file structure_6.csv (CSV, N, CA and C atoms)
chain,number,residue,atom,x,y,z
A,1,MET,N,59.2,106.6,151.0
A,1,MET,CA,60.5,106.4,150.6
A,1,MET,C,60.7,107.0,149.2
A,2,LYS,N,61.8,107.7,149.0
A,2,LYS,CA,62.1,108.4,147.8
A,2,LYS,C,62.7,107.5,146.8
A,3,LYS,N,62.2,107.5,145.6
A,3,LYS,CA,62.7,106.6,144.5
A,3,LYS,C,64.1,107.1,144.1
A,4,SER,N,65.0,106.2,143.9
A,4,SER,CA,66.3,106.6,143.4
A,4,SER,C,66.3,106.8,141.9
A,5,PRO,N,67.2,107.7,141.4
A,5,PRO,CA,67.3,107.9,140.0
A,5,PRO,C,67.8,106.7,139.2
A,6,LEU,N,67.6,106.7,137.9
A,6,LEU,CA,68.1,105.6,137.1
A,6,LEU,C,69.6,105.4,137.2
A,7,SER,N,70.1,104.2,137.3
A,7,SER,CA,71.5,103.9,137.2
A,7,SER,C,71.9,104.1,135.8
A,8,ARG,N,73.2,104.1,135.5
A,8,ARG,CA,73.7,104.2,134.2
A,8,ARG,C,73.3,103.0,133.3
A,9,ARG,N,73.3,101.8,133.9
A,9,ARG,CA,72.9,100.6,133.2
A,9,ARG,C,71.5,100.7,132.8
A,10,GLU,N,70.6,101.1,133.8
A,10,GLU,CA,69.2,101.2,133.5
A,10,GLU,C,68.9,102.2,132.4
A,11,PHE,N,69.7,103.4,132.5
A,11,PHE,CA,69.5,104.4,131.4
A,11,PHE,C,69.9,103.9,130.1
A,12,LEU,N,71.0,103.1,130.0
A,12,LEU,CA,71.4,102.6,128.7
A,12,LEU,C,70.4,101.6,128.1
A,13,LYS,N,69.8,100.7,129.0
A,13,LYS,CA,68.8,99.8,128.6
A,13,LYS,C,67.6,100.5,128.1
A,14,LEU,N,67.1,101.5,128.9
A,14,LEU,CA,65.9,102.3,128.5
A,14,LEU,C,66.1,103.0,127.2
A,15,SER,N,67.3,103.6,127.0
A,15,SER,CA,67.5,104.3,125.7
A,15,SER,C,67.7,103.4,124.5
A,16,THR,N,68.2,102.2,124.8
A,16,THR,CA,68.3,101.2,123.7
A,16,THR,C,66.9,100.7,123.3
A,17,PHE,N,66.1,100.4,124.3
A,17,PHE,CA,64.7,100.0,123.9
A,17,PHE,C,63.9,101.1,123.2
A,18,THR,N,64.1,102.3,123.7
A,18,THR,CA,63.4,103.4,123.0
A,18,THR,C,63.9,103.6,121.6
A,19,SER,N,65.2,103.4,121.4
A,19,SER,CA,65.7,103.5,120.0
A,19,SER,C,65.2,102.4,119.1
A,20,MET,N,65.1,101.2,119.7
A,20,MET,CA,64.6,100.0,118.9
A,20,MET,C,63.2,100.2,118.6
A,21,ALA,N,62.4,100.8,119.5
A,21,ALA,CA,61.0,101.0,119.2
A,21,ALA,C,60.8,102.0,118.1
A,22,GLY,N,61.7,103.0,118.0
A,22,GLY,CA,61.6,104.0,116.9
A,22,GLY,C,62.0,103.3,115.6
A,23,LEU,N,63.0,102.5,115.7
A,23,LEU,CA,63.4,101.7,114.5
A,23,LEU,C,62.3,100.8,113.9
A,24,LEU,N,61.7,100.1,114.8
A,24,LEU,CA,60.6,99.3,114.4
A,24,LEU,C,59.4,100.1,113.8
A,25,SER,N,59.1,101.2,114.3
A,25,SER,CA,58.1,102.0,113.7
A,25,SER,C,58.5,102.5,112.4
A,26,LEU,N,59.8,102.8,112.2
A,26,LEU,CA,60.2,103.2,110.8
A,26,LEU,C,60.2,102.1,109.8
A,27,THR,N,60.5,100.9,110.2
A,27,THR,CA,60.5,99.8,109.3
A,27,THR,C,59.1,99.3,109.0
A,28,ARG,N,58.2,99.5,109.9
A,28,ARG,CA,56.8,99.2,109.5
A,28,ARG,C,56.2,100.1,108.5
A,29,ASN,N,56.7,101.4,108.4
A,29,ASN,CA,56.2,102.4,107.5
A,29,ASN,C,57.2,102.6,106.3
A,30,ALA,N,58.1,101.6,106.1
A,30,ALA,CA,59.1,101.8,105.1
A,30,ALA,C,58.5,101.8,103.7
A,31,HIS,N,57.3,101.2,103.5
A,31,HIS,CA,56.7,101.2,102.2
A,31,HIS,C,56.0,102.5,101.8
A,32,LEU,N,55.9,103.4,102.8
A,32,LEU,CA,55.3,104.7,102.5
A,32,LEU,C,56.2,105.6,101.8
A,33,PRO,N,55.7,106.5,100.9
A,33,PRO,CA,56.6,107.4,100.2
A,33,PRO,C,57.3,108.4,101.2
A,34,GLN,N,58.6,108.7,100.8
A,34,GLN,CA,59.3,109.6,101.7
A,34,GLN,C,59.0,111.0,101.4
A,35,ASN,N,58.8,111.9,102.4
A,35,ASN,CA,58.6,113.3,102.2
A,35,ASN,C,59.6,114.1,103.0
A,36,ASN,N,60.8,114.1,102.4
A,36,ASN,CA,62.0,114.7,103.1
A,36,ASN,C,62.4,115.9,102.2
A,37,THR,N,61.6,116.9,102.2
A,37,THR,CA,61.9,118.1,101.4
A,37,THR,C,62.8,119.1,102.1
A,38,GLY,N,63.0,119.0,103.4
A,38,GLY,CA,63.8,120.0,104.1
A,38,GLY,C,65.2,119.8,104.1
A,39,GLY,N,65.7,118.7,103.5
A,39,GLY,CA,67.1,118.4,103.4
A,39,GLY,C,67.7,117.7,104.6
A,40,GLU,N,66.8,117.5,105.6
A,40,GLU,CA,67.3,116.8,106.8
A,40,GLU,C,67.4,115.3,106.6
A,41,SER,N,68.3,114.7,107.3
A,41,SER,CA,68.6,113.3,107.2
A,41,SER,C,68.2,112.6,108.6
A,42,ASN,N,67.7,111.4,108.5
A,42,ASN,CA,67.4,110.7,109.7
A,42,ASN,C,68.6,109.8,110.0
A,43,ILE,N,69.0,109.7,111.2
A,43,ILE,CA,70.1,108.9,111.6
A,43,ILE,C,69.6,107.7,112.5
A,44,ILE,N,69.8,106.5,112.0
A,44,ILE,CA,69.4,105.3,112.8
A,44,ILE,C,70.7,104.5,113.1
A,45,ILE,N,71.0,104.3,114.3
A,45,ILE,CA,72.2,103.5,114.7
A,45,ILE,C,71.7,102.2,115.2
A,46,ILE,N,72.2,101.2,114.5
A,46,ILE,CA,71.8,99.8,114.9
A,46,ILE,C,73.0,99.2,115.7
A,47,LEU,N,72.8,98.9,116.9
A,47,LEU,CA,73.8,98.4,117.8
A,47,LEU,C,73.5,97.0,118.2
A,48,LEU,N,74.5,96.1,117.8
A,48,LEU,CA,74.4,94.7,118.1
A,48,LEU,C,75.5,94.3,119.0
A,49,ASP,N,75.2,93.7,120.1
A,49,ASP,CA,76.3,93.2,121.0
A,49,ASP,C,76.7,91.8,120.8
A,50,ALA,N,77.9,91.5,120.9
A,50,ALA,CA,78.5,90.1,120.7
A,50,ALA,C,78.2,89.5,119.3
A,51,LEU,N,78.4,90.3,118.3
A,51,LEU,CA,78.2,89.9,116.9
A,51,LEU,C,79.4,90.3,116.1
A,52,SER,N,80.0,89.3,115.5
A,52,SER,CA,81.2,89.6,114.7
A,52,SER,C,80.8,89.9,113.2
A,53,ALA,N,81.4,90.9,112.7
A,53,ALA,CA,81.1,91.3,111.3
A,53,ALA,C,81.5,90.2,110.3
A,54,LYS,N,82.4,89.4,110.7
A,54,LYS,CA,82.8,88.3,109.7
A,54,LYS,C,81.7,87.3,109.5
A,55,HIS,N,80.6,87.3,110.3
A,55,HIS,CA,79.5,86.4,110.2
A,55,HIS,C,78.3,87.0,109.6
A,56,ILE,N,78.4,88.2,109.1
A,56,ILE,CA,77.3,89.0,108.4
A,56,ILE,C,77.5,89.0,106.9
A,57,SER,N,76.5,88.6,106.2
A,57,SER,CA,76.7,88.6,104.7
A,57,SER,C,76.9,90.0,104.1
A,58,LEU,N,76.4,91.1,104.8
A,58,LEU,CA,76.7,92.5,104.4
A,58,LEU,C,78.2,92.8,104.3
A,59,TYR,N,78.9,92.2,105.2
A,59,TYR,CA,80.4,92.4,105.3
A,59,TYR,C,81.2,91.3,104.7
A,60,GLY,N,80.6,90.5,103.8
A,60,GLY,CA,81.3,89.5,103.0
A,60,GLY,C,81.2,88.0,103.4
A,61,HIS,N,80.4,87.7,104.3
A,61,HIS,CA,80.2,86.3,104.6
A,61,HIS,C,79.5,85.6,103.4
A,62,PRO,N,80.0,84.4,103.0
A,62,PRO,CA,79.4,83.8,101.8
A,62,PRO,C,78.0,83.4,101.8
A,63,ARG,N,77.5,83.0,103.0
A,63,ARG,CA,76.1,82.6,103.2
A,63,ARG,C,75.3,83.8,103.5
A,64,GLU,N,74.0,83.9,103.0
A,64,GLU,CA,73.1,85.0,103.3
A,64,GLU,C,72.6,84.9,104.7
A,65,THR,N,73.2,85.6,105.6
A,65,THR,CA,72.9,85.5,107.0
A,65,THR,C,71.8,86.5,107.5
A,66,MET,N,71.8,87.7,107.0
A,66,MET,CA,70.9,88.7,107.5
A,66,MET,C,70.3,89.5,106.3
A,67,PRO,N,69.4,88.9,105.5
A,67,PRO,CA,68.9,89.5,104.3
A,67,PRO,C,68.1,90.8,104.6
A,68,ASN,N,67.4,90.9,105.7
A,68,ASN,CA,66.7,92.2,105.9
A,68,ASN,C,67.7,93.3,106.2
A,69,LEU,N,68.8,93.0,106.9
A,69,LEU,CA,69.8,94.1,107.1
A,69,LEU,C,70.5,94.5,105.8
A,70,GLU,N,70.7,93.5,104.9
A,70,GLU,CA,71.3,93.8,103.6
A,70,GLU,C,70.3,94.7,102.8
A,71,SER,N,69.0,94.4,102.8
A,71,SER,CA,68.1,95.3,102.0
A,71,SER,C,68.0,96.6,102.6
A,72,PHE,N,68.1,96.8,104.0
A,72,PHE,CA,68.1,98.1,104.6
A,72,PHE,C,69.4,98.8,104.3
A,73,ALA,N,70.5,98.1,104.2
A,73,ALA,CA,71.8,98.8,103.9
A,73,ALA,C,71.8,99.3,102.4
A,74,LYS,N,71.0,98.7,101.5
A,74,LYS,CA,71.0,99.1,100.1
A,74,LYS,C,70.5,100.5,100.0
A,75,VAL,N,69.6,100.9,100.9
A,75,VAL,CA,69.0,102.3,100.8
A,75,VAL,C,69.6,103.2,101.9
A,76,SER,N,70.7,102.8,102.5
A,76,SER,CA,71.2,103.6,103.6
A,76,SER,C,72.7,103.8,103.4
A,77,THR,N,73.3,104.6,104.2
A,77,THR,CA,74.7,104.9,104.2
A,77,THR,C,75.3,103.9,105.3
A,78,VAL,N,76.3,103.1,104.8
A,78,VAL,CA,76.9,102.1,105.7
A,78,VAL,C,78.3,102.5,105.9
A,79,PHE,N,78.7,102.6,107.2
A,79,PHE,CA,80.1,102.9,107.5
A,79,PHE,C,80.9,101.6,107.7
A,80,HIS,N,82.1,101.5,107.1
A,80,HIS,CA,82.9,100.3,107.1
A,80,HIS,C,84.1,100.5,108.0
A,81,GLN,N,84.5,101.8,108.2
A,81,GLN,CA,85.7,102.1,109.1
A,81,GLN,C,85.2,102.8,110.3
A,82,HIS,N,85.0,102.1,111.4
A,82,HIS,CA,84.6,102.7,112.7
A,82,HIS,C,85.3,102.0,113.8
A,83,HIS,N,85.4,102.7,114.9
A,83,HIS,CA,86.1,102.3,116.1
A,83,HIS,C,85.3,102.4,117.3
A,84,SER,N,85.6,101.6,118.3
A,84,SER,CA,84.9,101.6,119.6
A,84,SER,C,85.6,102.5,120.6
A,85,ALA,N,84.9,103.2,121.5
A,85,ALA,CA,85.5,104.0,122.5
A,85,ALA,C,85.8,103.2,123.7
A,86,GLY,N,85.4,102.0,123.8
A,86,GLY,CA,85.6,101.1,125.0
A,86,GLY,C,85.9,99.7,124.6
A,87,ASN,N,86.3,98.9,125.6
A,87,ASN,CA,86.6,97.5,125.2
A,87,ASN,C,85.5,96.5,125.7
A,88,PHE,N,84.4,97.0,126.2
A,88,PHE,CA,83.2,96.2,126.4
A,88,PHE,C,81.9,97.0,126.3
A,89,THR,N,80.8,96.4,126.4
A,89,THR,CA,79.5,97.0,126.0
A,89,THR,C,79.2,98.3,126.7
A,90,ALA,N,79.2,98.3,128.0
A,90,ALA,CA,78.7,99.4,128.8
A,90,ALA,C,79.4,100.8,128.4
A,91,PRO,N,80.8,100.9,128.5
A,91,PRO,CA,81.4,102.1,128.1
A,91,PRO,C,81.2,102.5,126.6
A,92,SER,N,81.3,101.5,125.8
A,92,SER,CA,81.1,101.7,124.3
A,92,SER,C,79.8,102.3,124.0
A,93,THR,N,78.7,101.7,124.6
A,93,THR,CA,77.3,102.2,124.3
A,93,THR,C,77.1,103.6,124.9
A,94,ALA,N,77.6,103.8,126.1
A,94,ALA,CA,77.5,105.1,126.7
A,94,ALA,C,78.3,106.2,125.9
A,95,SER,N,79.4,105.8,125.4
A,95,SER,CA,80.2,106.8,124.5
A,95,SER,C,79.4,107.1,123.2
A,96,LEU,N,78.8,106.0,122.7
A,96,LEU,CA,78.0,106.2,121.4
A,96,LEU,C,76.8,107.1,121.7
A,97,LEU,N,76.2,107.0,122.8
A,97,LEU,CA,75.0,107.8,123.1
A,97,LEU,C,75.3,109.2,123.5
A,98,THR,N,76.4,109.4,124.2
A,98,THR,CA,76.7,110.7,124.8
A,98,THR,C,77.7,111.5,123.9
A,99,GLY,N,78.5,110.8,123.1
A,99,GLY,CA,79.5,111.5,122.3
A,99,GLY,C,80.8,111.8,123.1
A,100,THR,N,81.0,111.2,124.2
A,100,THR,CA,82.1,111.4,125.1
A,100,THR,C,82.9,110.1,125.3
A,101,TYR,N,84.1,110.3,125.8
A,101,TYR,CA,85.0,109.1,126.1
A,101,TYR,C,84.6,108.6,127.5
A,102,PRO,N,84.9,107.3,127.7
A,102,PRO,CA,84.6,106.7,129.0
A,102,PRO,C,85.1,107.4,130.2
A,103,TRP,N,86.2,108.1,130.2
A,103,TRP,CA,86.7,108.8,131.3
A,103,TRP,C,85.9,110.1,131.6
A,104,THR,N,85.1,110.5,130.6
A,104,THR,CA,84.3,111.7,130.8
A,104,THR,C,82.9,111.3,131.4
A,105,HIS,N,82.3,110.2,130.8
A,105,HIS,CA,81.0,109.8,131.4
A,105,HIS,C,81.1,108.9,132.6
A,106,ARG,N,82.3,108.4,132.9
A,106,ARG,CA,82.7,107.6,134.1
A,106,ARG,C,82.1,106.2,134.1
A,107,ASN,N,81.7,105.7,133.0
A,107,ASN,CA,81.3,104.3,132.9
A,107,ASN,C,82.5,103.4,132.6
A,108,LEU,N,83.3,103.1,133.6
A,108,LEU,CA,84.6,102.5,133.3
A,108,LEU,C,84.7,101.0,133.6
A,109,HIS,N,83.9,100.6,134.5
A,109,HIS,CA,84.0,99.2,135.0
A,109,HIS,C,82.7,98.4,134.6
A,110,LEU,N,82.8,97.1,134.8
A,110,LEU,CA,81.6,96.2,134.5
A,110,LEU,C,80.3,96.6,135.2
A,111,ASN,N,80.4,97.1,136.4
A,111,ASN,CA,79.2,97.4,137.1
A,111,ASN,C,78.8,98.9,136.9
A,112,GLY,N,79.6,99.6,136.1
A,112,GLY,CA,79.2,101.0,135.8
A,112,GLY,C,79.6,102.0,136.8
A,113,SER,N,80.4,101.6,137.8
A,113,SER,CA,80.9,102.6,138.8
A,113,SER,C,82.4,102.8,138.8
A,114,ILE,N,82.9,103.7,139.6
A,114,ILE,CA,84.3,104.0,139.6
A,114,ILE,C,85.1,103.3,140.7
A,115,THR,N,84.5,102.3,141.3
A,115,THR,CA,85.2,101.7,142.5
A,115,THR,C,86.5,101.1,142.2
call {"tool": "encode", "arguments": {"input": "structure_6.csv", "output": "structure tokens"}}
result
Amino acid sequence: MKKSPLSRREFLKLSTFTSMAGLLSLTRNAHLPQNNTGGESNIIIILLDALSAKHISLYGHPRETMPNLESFAKVSTVFHQHHSAGNFTAPSTASLLTGTYPWTHRNLHLNGSIT
């Protein structure tokens, strides 16, 4: 029996876990000196689902809710004006990872198909 290719949802899950594994390896070595002489920048995208910015101390919440994210943001570039390409997680994440709109990558419905 031939194995079917990954569905869009499985691809997004796999790419998210791969990205998080890379982020964890970077944060474990954060105490090491930086050797970035070529002028290149690393881009780390932290994607959180179902979390409101009004509950994060980085964005003005009075209680310290995410101190590690705040310390990471102090040495990073933080964007405060951003928009989503979709109105729920699947098309928004697919658009973020592919750089295209939902009608291009065709992840339009909750189950990821065009039915």
call {"tool": "closest_residue", "arguments": {"input": "structure_6.csv", "among": "A:Ala90, A:Tyr101, A:Phe79, A:Leu48", "to": "Glu10 in chain A", "atoms": "only C-alpha atoms"}}
result
A:Ala90
call {"tool": "closest_residue", "arguments": {"input": "structure_6.csv", "among": "A:Ser84, A:Leu96, A:Ile44, A:Leu69", "to": "Ile56 in chain A", "atoms": "only C-alpha atoms"}}
result
A:Leu69
call {"tool": "atom_distance", "arguments": {"input": "structure_6.csv", "atom1": "atom N of Gly60 in chain A", "atom2": "atom N of His80 in chain A"}}
result
11.6 Å
call {"tool": "closest_residue", "arguments": {"input": "structure_6.csv", "among": "A:Arg63, A:His55, A:His82, A:Arg106", "to": "Ala94 in chain A", "atoms": "only C-alpha atoms"}}
result
A:Arg106
call {"tool": "atom_distance", "arguments": {"input": "structure_6.csv", "atom1": "atom N of Gly86 in chain A", "atom2": "CA of Pro5 in chain A"}}
result
25.0 Å
call {"tool": "atom_distance", "arguments": {"input": "structure_6.csv", "atom1": "atom C of Asn107 in chain A", "atom2": "atom N of Gln81 in chain A"}}
result
24.5 Å
